[in-house]
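Note sheet for the following structure.
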Amino acid sequence: MTSNRLGVDPQVLALALARMTESVGNSFLIVVLPLFIGSEFVTGNTFGLTEVAITGIVLSLFGLVNSPLQPFTGRLSDRTGRRKIFVLVGLLLIGVASFSYSLASSYWHLVGLRVLQGVAGALIIPTTVALVNDLASETNRGGNMGTYNTFRLVGFGVGPIAAGAVVSAGPYAFGVGGTQLQFSGFDAAFYFATLTASLSFFLILWLIRDPENVTADASPGEDGGALDSFSVFDRSGRGVLDPVFTLGVVSFFMAVGIALFATLGDIINTRLDQGPTLFGLQFAAFVLAQIFLQVPIGRATDFYGRRIFILVGMVLLIPTTLVQGVLYDPWLMFAARFGQGVAGAMVFAPALALAGDLAPDGKSGTTLSVLTMAFGFGVAFGPLSAGFLVSFGFAVPFAFGAALAAVGAVLVWTQVEETVTTRRSPFSAD
């Protein structure tokens, strides 16, 4: 099979397809919710906050809620030895919340539903990554992680593009059994998000099973908490910082750097004398690079090693982030964002694979949640820091992101060791 020739487990391919399906609908909300909040469909007390502030709170709640919960859900999945049930419950919550948006009429309905989706994300994100890790082996973990991330990013990239068209084409009307049904463009978007979550639910239900070779982690640890399987400092004594913690810090730094761009849309458009279409292309350039490169880079780490890719990626992140603060040409900005995407592709999937190599038996959910949690916090912190730092000069946020990348490169160089010891063809059969 092609999946075997490329070093990808068939179940990982099915899981990636399911996540892509769910991501299309869930990413609709990035475009739809700001429009919905600004429409006449939503009213109520804002407690002195502007619509822009409410929009920022609603959009950021997903990451702010799910990120700190991920170590706990990851640990719980380790303790039970099951991943699939967590993913199914999370998708069920995503679907319920997506449909409920069509019934919402006040700002605080949206806040509550976004919190619910954040809880759902905490159930889905660490357990799906842990499931990929469980299904993979040291010889194909990079390729599996790269494939999973590629499909997920395709869904994330397609959703926002289609969302605006679905909303603007409303209202919709059609007859069923002699009854005329009519609903707004917003309702259509929310129904579509519900449909994609439902499709993903059934794909997971029918096609995915928990690996039989994974046993529950029954050890309570020193404190029985969610964070007992990793530490800040290296317990082996080979370095100062624990390598998994280091990879989490590096993931946070990378996420901050790539998320700086989104907040500065109006300023960037004015500076580059461009419209929203070019800004959208520049924003998408990062995702495009990830889609093209995650699989080949992830697969390459299976025979060339993981650490070298992470290190080169962090080094490349320095100039590609810094240069965005001094450019005046829209297409050079597109190139910089694409280069930043290349750097991101060299860091995230290889870092997940390396952390998966280091994960103790029965603790991959807890271990990998360090990276997914850190990335989520970085995506939330990046826009906030950009909004504050840009007041000191347009280049300052990007210089800050480049400085974090430089620190990250030093951390990888000094604190992370290679885990892959064999070299083999990337297209050899497993």
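Simple scheme: letters A, B, ... for chains in structure tokens order, numbers from 1 for residues in each chain, numbers from 1 for ligands in the order shown.
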#### Entry: Distance query stretch 325-330 of chain A at most 9 Å, only C-alpha atoms, self and fewer than 4 positions along chain excluded, as an NGL selection string
:A and (268-269 or 271-274 or 278-279 or 282 or 321 or 334-335 or 394-399)
Could you write out that same residue set with all heavy atoms as a compact mmCIF listing (two decimals), in the first residue's frame?
```txt
# COMPACT_ATOMS: atom_id res chain seq x y z
N ILE A 268 -0.13 46.47 8.67
CA ILE A 268 0.64 45.89 7.56
C ILE A 268 0.07 46.33 6.23
O ILE A 268 0.81 46.69 5.30
CB ILE A 268 0.65 44.36 7.68
CG1 ILE A 268 1.52 43.93 8.87
CG2 ILE A 268 1.17 43.71 6.39
CD1 ILE A 268 1.45 42.45 9.18
N ASN A 269 -1.26 46.32 6.10
CA ASN A 269 -1.88 46.73 4.84
C ASN A 269 -1.56 48.17 4.49
O ASN A 269 -1.30 48.52 3.33
CB ASN A 269 -3.39 46.53 4.92
CG ASN A 269 -3.79 45.06 4.89
OD1 ASN A 269 -3.01 44.22 4.48
ND2 ASN A 269 -5.00 44.76 5.33
N ARG A 271 1.11 49.91 5.62
CA ARG A 271 2.55 50.01 5.41
C ARG A 271 2.94 49.51 4.02
O ARG A 271 3.80 50.11 3.35
CB ARG A 271 3.27 49.20 6.48
CG ARG A 271 4.79 49.16 6.37
CD ARG A 271 5.37 48.28 7.47
NE ARG A 271 6.79 48.06 7.33
CZ ARG A 271 7.73 48.84 7.83
NH1 ARG A 271 7.38 49.94 8.50
NH2 ARG A 271 9.01 48.55 7.68
N LEU A 272 2.33 48.42 3.59
CA LEU A 272 2.67 47.82 2.30
C LEU A 272 1.78 48.33 1.16
O LEU A 272 1.94 47.89 0.01
CB LEU A 272 2.58 46.30 2.37
CG LEU A 272 3.43 45.60 3.44
CD1 LEU A 272 3.32 44.09 3.30
CD2 LEU A 272 4.87 46.04 3.35
N ASP A 273 0.84 49.22 1.48
CA ASP A 273 -0.09 49.77 0.50
C ASP A 273 -0.79 48.65 -0.27
O ASP A 273 -0.76 48.57 -1.50
CB ASP A 273 0.65 50.69 -0.48
CG ASP A 273 -0.31 51.49 -1.37
OD1 ASP A 273 -1.47 51.69 -0.95
OD2 ASP A 273 0.09 51.91 -2.47
N GLN A 274 -1.43 47.76 0.48
CA GLN A 274 -2.08 46.60 -0.10
C GLN A 274 -3.48 46.45 0.49
O GLN A 274 -3.83 47.09 1.48
CB GLN A 274 -1.28 45.33 0.20
CG GLN A 274 -1.22 44.98 1.68
CD GLN A 274 -0.39 43.74 1.97
OE1 GLN A 274 0.44 43.33 1.19
NE2 GLN A 274 -0.64 43.13 3.13
N LEU A 278 -4.25 40.52 -0.45
CA LEU A 278 -2.82 40.22 -0.34
C LEU A 278 -2.45 39.84 1.09
O LEU A 278 -1.62 38.95 1.31
CB LEU A 278 -1.99 41.42 -0.79
CG LEU A 278 -1.78 41.56 -2.30
CD1 LEU A 278 -1.06 42.86 -2.63
CD2 LEU A 278 -0.99 40.37 -2.83
N PHE A 279 -3.08 40.48 2.06
CA PHE A 279 -2.81 40.10 3.45
C PHE A 279 -3.23 38.65 3.69
O PHE A 279 -2.53 37.90 4.38
CB PHE A 279 -3.56 41.03 4.42
CG PHE A 279 -3.34 40.68 5.87
CD1 PHE A 279 -2.18 41.06 6.52
CD2 PHE A 279 -4.29 39.95 6.57
CE1 PHE A 279 -1.97 40.73 7.86
CE2 PHE A 279 -4.09 39.60 7.89
CZ PHE A 279 -2.92 40.00 8.54
N GLN A 282 -0.63 36.41 2.27
CA GLN A 282 0.55 36.39 3.13
C GLN A 282 0.30 35.55 4.37
O GLN A 282 1.18 34.79 4.80
CB GLN A 282 0.93 37.82 3.51
CG GLN A 282 1.43 38.65 2.36
CD GLN A 282 1.27 40.15 2.58
OE1 GLN A 282 0.77 40.59 3.62
NE2 GLN A 282 1.68 40.93 1.61
N THR A 321 11.54 35.78 10.46
CA THR A 321 10.69 36.57 11.35
C THR A 321 11.15 38.02 11.40
O THR A 321 10.36 38.96 11.26
CB THR A 321 10.69 35.99 12.78
OG1 THR A 321 10.25 34.63 12.74
CG2 THR A 321 9.77 36.79 13.70
N PHE A 334 5.19 38.02 1.39
CA PHE A 334 4.69 36.67 1.12
C PHE A 334 5.85 35.66 1.19
O PHE A 334 5.72 34.59 1.79
CB PHE A 334 4.05 36.63 -0.27
CG PHE A 334 3.56 35.26 -0.69
CD1 PHE A 334 2.27 34.86 -0.38
CD2 PHE A 334 4.39 34.39 -1.38
CE1 PHE A 334 1.81 33.60 -0.76
CE2 PHE A 334 3.94 33.14 -1.76
CZ PHE A 334 2.66 32.74 -1.44
N ALA A 335 6.99 36.02 0.59
CA ALA A 335 8.15 35.12 0.60
C ALA A 335 8.66 34.91 2.02
O ALA A 335 9.04 33.79 2.39
CB ALA A 335 9.25 35.69 -0.29
N PHE A 394 7.11 49.48 14.43
CA PHE A 394 6.59 48.35 13.67
C PHE A 394 7.53 47.14 13.73
O PHE A 394 7.07 45.99 13.77
CB PHE A 394 6.38 48.75 12.21
CG PHE A 394 5.86 47.64 11.35
CD1 PHE A 394 4.52 47.26 11.41
CD2 PHE A 394 6.71 46.95 10.50
CE1 PHE A 394 4.04 46.21 10.63
CE2 PHE A 394 6.24 45.91 9.70
CZ PHE A 394 4.90 45.54 9.78
N ALA A 395 8.83 47.36 13.74
CA ALA A 395 9.78 46.26 13.70
C ALA A 395 9.94 45.56 15.05
O ALA A 395 10.46 44.43 15.10
CB ALA A 395 11.14 46.76 13.23
N VAL A 396 9.49 46.18 16.13
CA VAL A 396 9.76 45.65 17.47
C VAL A 396 9.14 44.26 17.69
O VAL A 396 9.81 43.36 18.22
CB VAL A 396 9.31 46.65 18.55
CG1 VAL A 396 9.44 46.04 19.95
CG2 VAL A 396 10.15 47.92 18.46
N PRO A 397 7.85 44.03 17.36
CA PRO A 397 7.30 42.69 17.57
C PRO A 397 8.09 41.60 16.84
O PRO A 397 8.31 40.51 17.38
CB PRO A 397 5.87 42.79 17.03
CG PRO A 397 5.55 44.24 17.06
CD PRO A 397 6.84 44.94 16.80
N PHE A 398 8.53 41.90 15.62
CA PHE A 398 9.24 40.89 14.83
C PHE A 398 10.65 40.67 15.37
O PHE A 398 11.17 39.55 15.32
CB PHE A 398 9.26 41.31 13.36
CG PHE A 398 7.88 41.45 12.78
CD1 PHE A 398 7.31 42.70 12.59
CD2 PHE A 398 7.14 40.33 12.44
CE1 PHE A 398 6.03 42.83 12.07
CE2 PHE A 398 5.85 40.44 11.92
CZ PHE A 398 5.30 41.70 11.73
N ALA A 399 11.28 41.75 15.89
CA ALA A 399 12.58 41.58 16.54
C ALA A 399 12.45 40.72 17.79
O ALA A 399 13.32 39.89 18.09
CB ALA A 399 13.17 42.95 16.88
```
### Message
If we count only C-alpha atoms and set the cut-off at 8 Å, which residues sit around A:Ala259, ignoring sequence neighbours fewer than 3 positions away in its own chain? Please answer as a PyMOL selection string.
### Response
chain A and resi 255-256+262-263+378-380+382-383
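Atom CA of A:Thr21 is found 7.2 Å from atom CA of A:Leu199.
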### Task
Extract the full set of alpha helix (DSSP H) residues from stretch 215-380 of chain A according to DSSP on the backbone, and format it as a VMD selection string.
chain A and resid 243 to 263 265 to 272 276 to 304 307 to 322 330 to 358 364 to 380
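Taking atom CA of A:Thr80 as the reference point, atom CA of A:Ala136 is found at 19.6 Å.
Within the 6 Å cut-off around A:Thr366, using only C-alpha atoms and omitting residues fewer than 4 positions from it on the same chain, the listed residues are Pro71, Gly74 and Arg75 of chain A.
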### Query
Got a sec: who's within 9 Å of A:Gly44, counting only C-alpha atoms, leaving out chain neighbours fewer than 3 positions off, as a list in words?
Ser105, Ser106, Tyr107 and Trp108 of chain A
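For the pair atom CA of A:Phe388 and atom CA of A:Phe375, the separation is 20.2 Å.
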### Message
What's around stretch 297-310 of chain A at 6 Å? Count only C-alpha atoms, leave out sequence neighbours fewer than 6 positions away in its own chain, and write the answer as a list in words.
### Response
Thr139, Asn140, Gly142, Gly143, Gly146, Met346, Val347, Pro350, Glu418, Val420, Arg423 and Arg424 of chain A
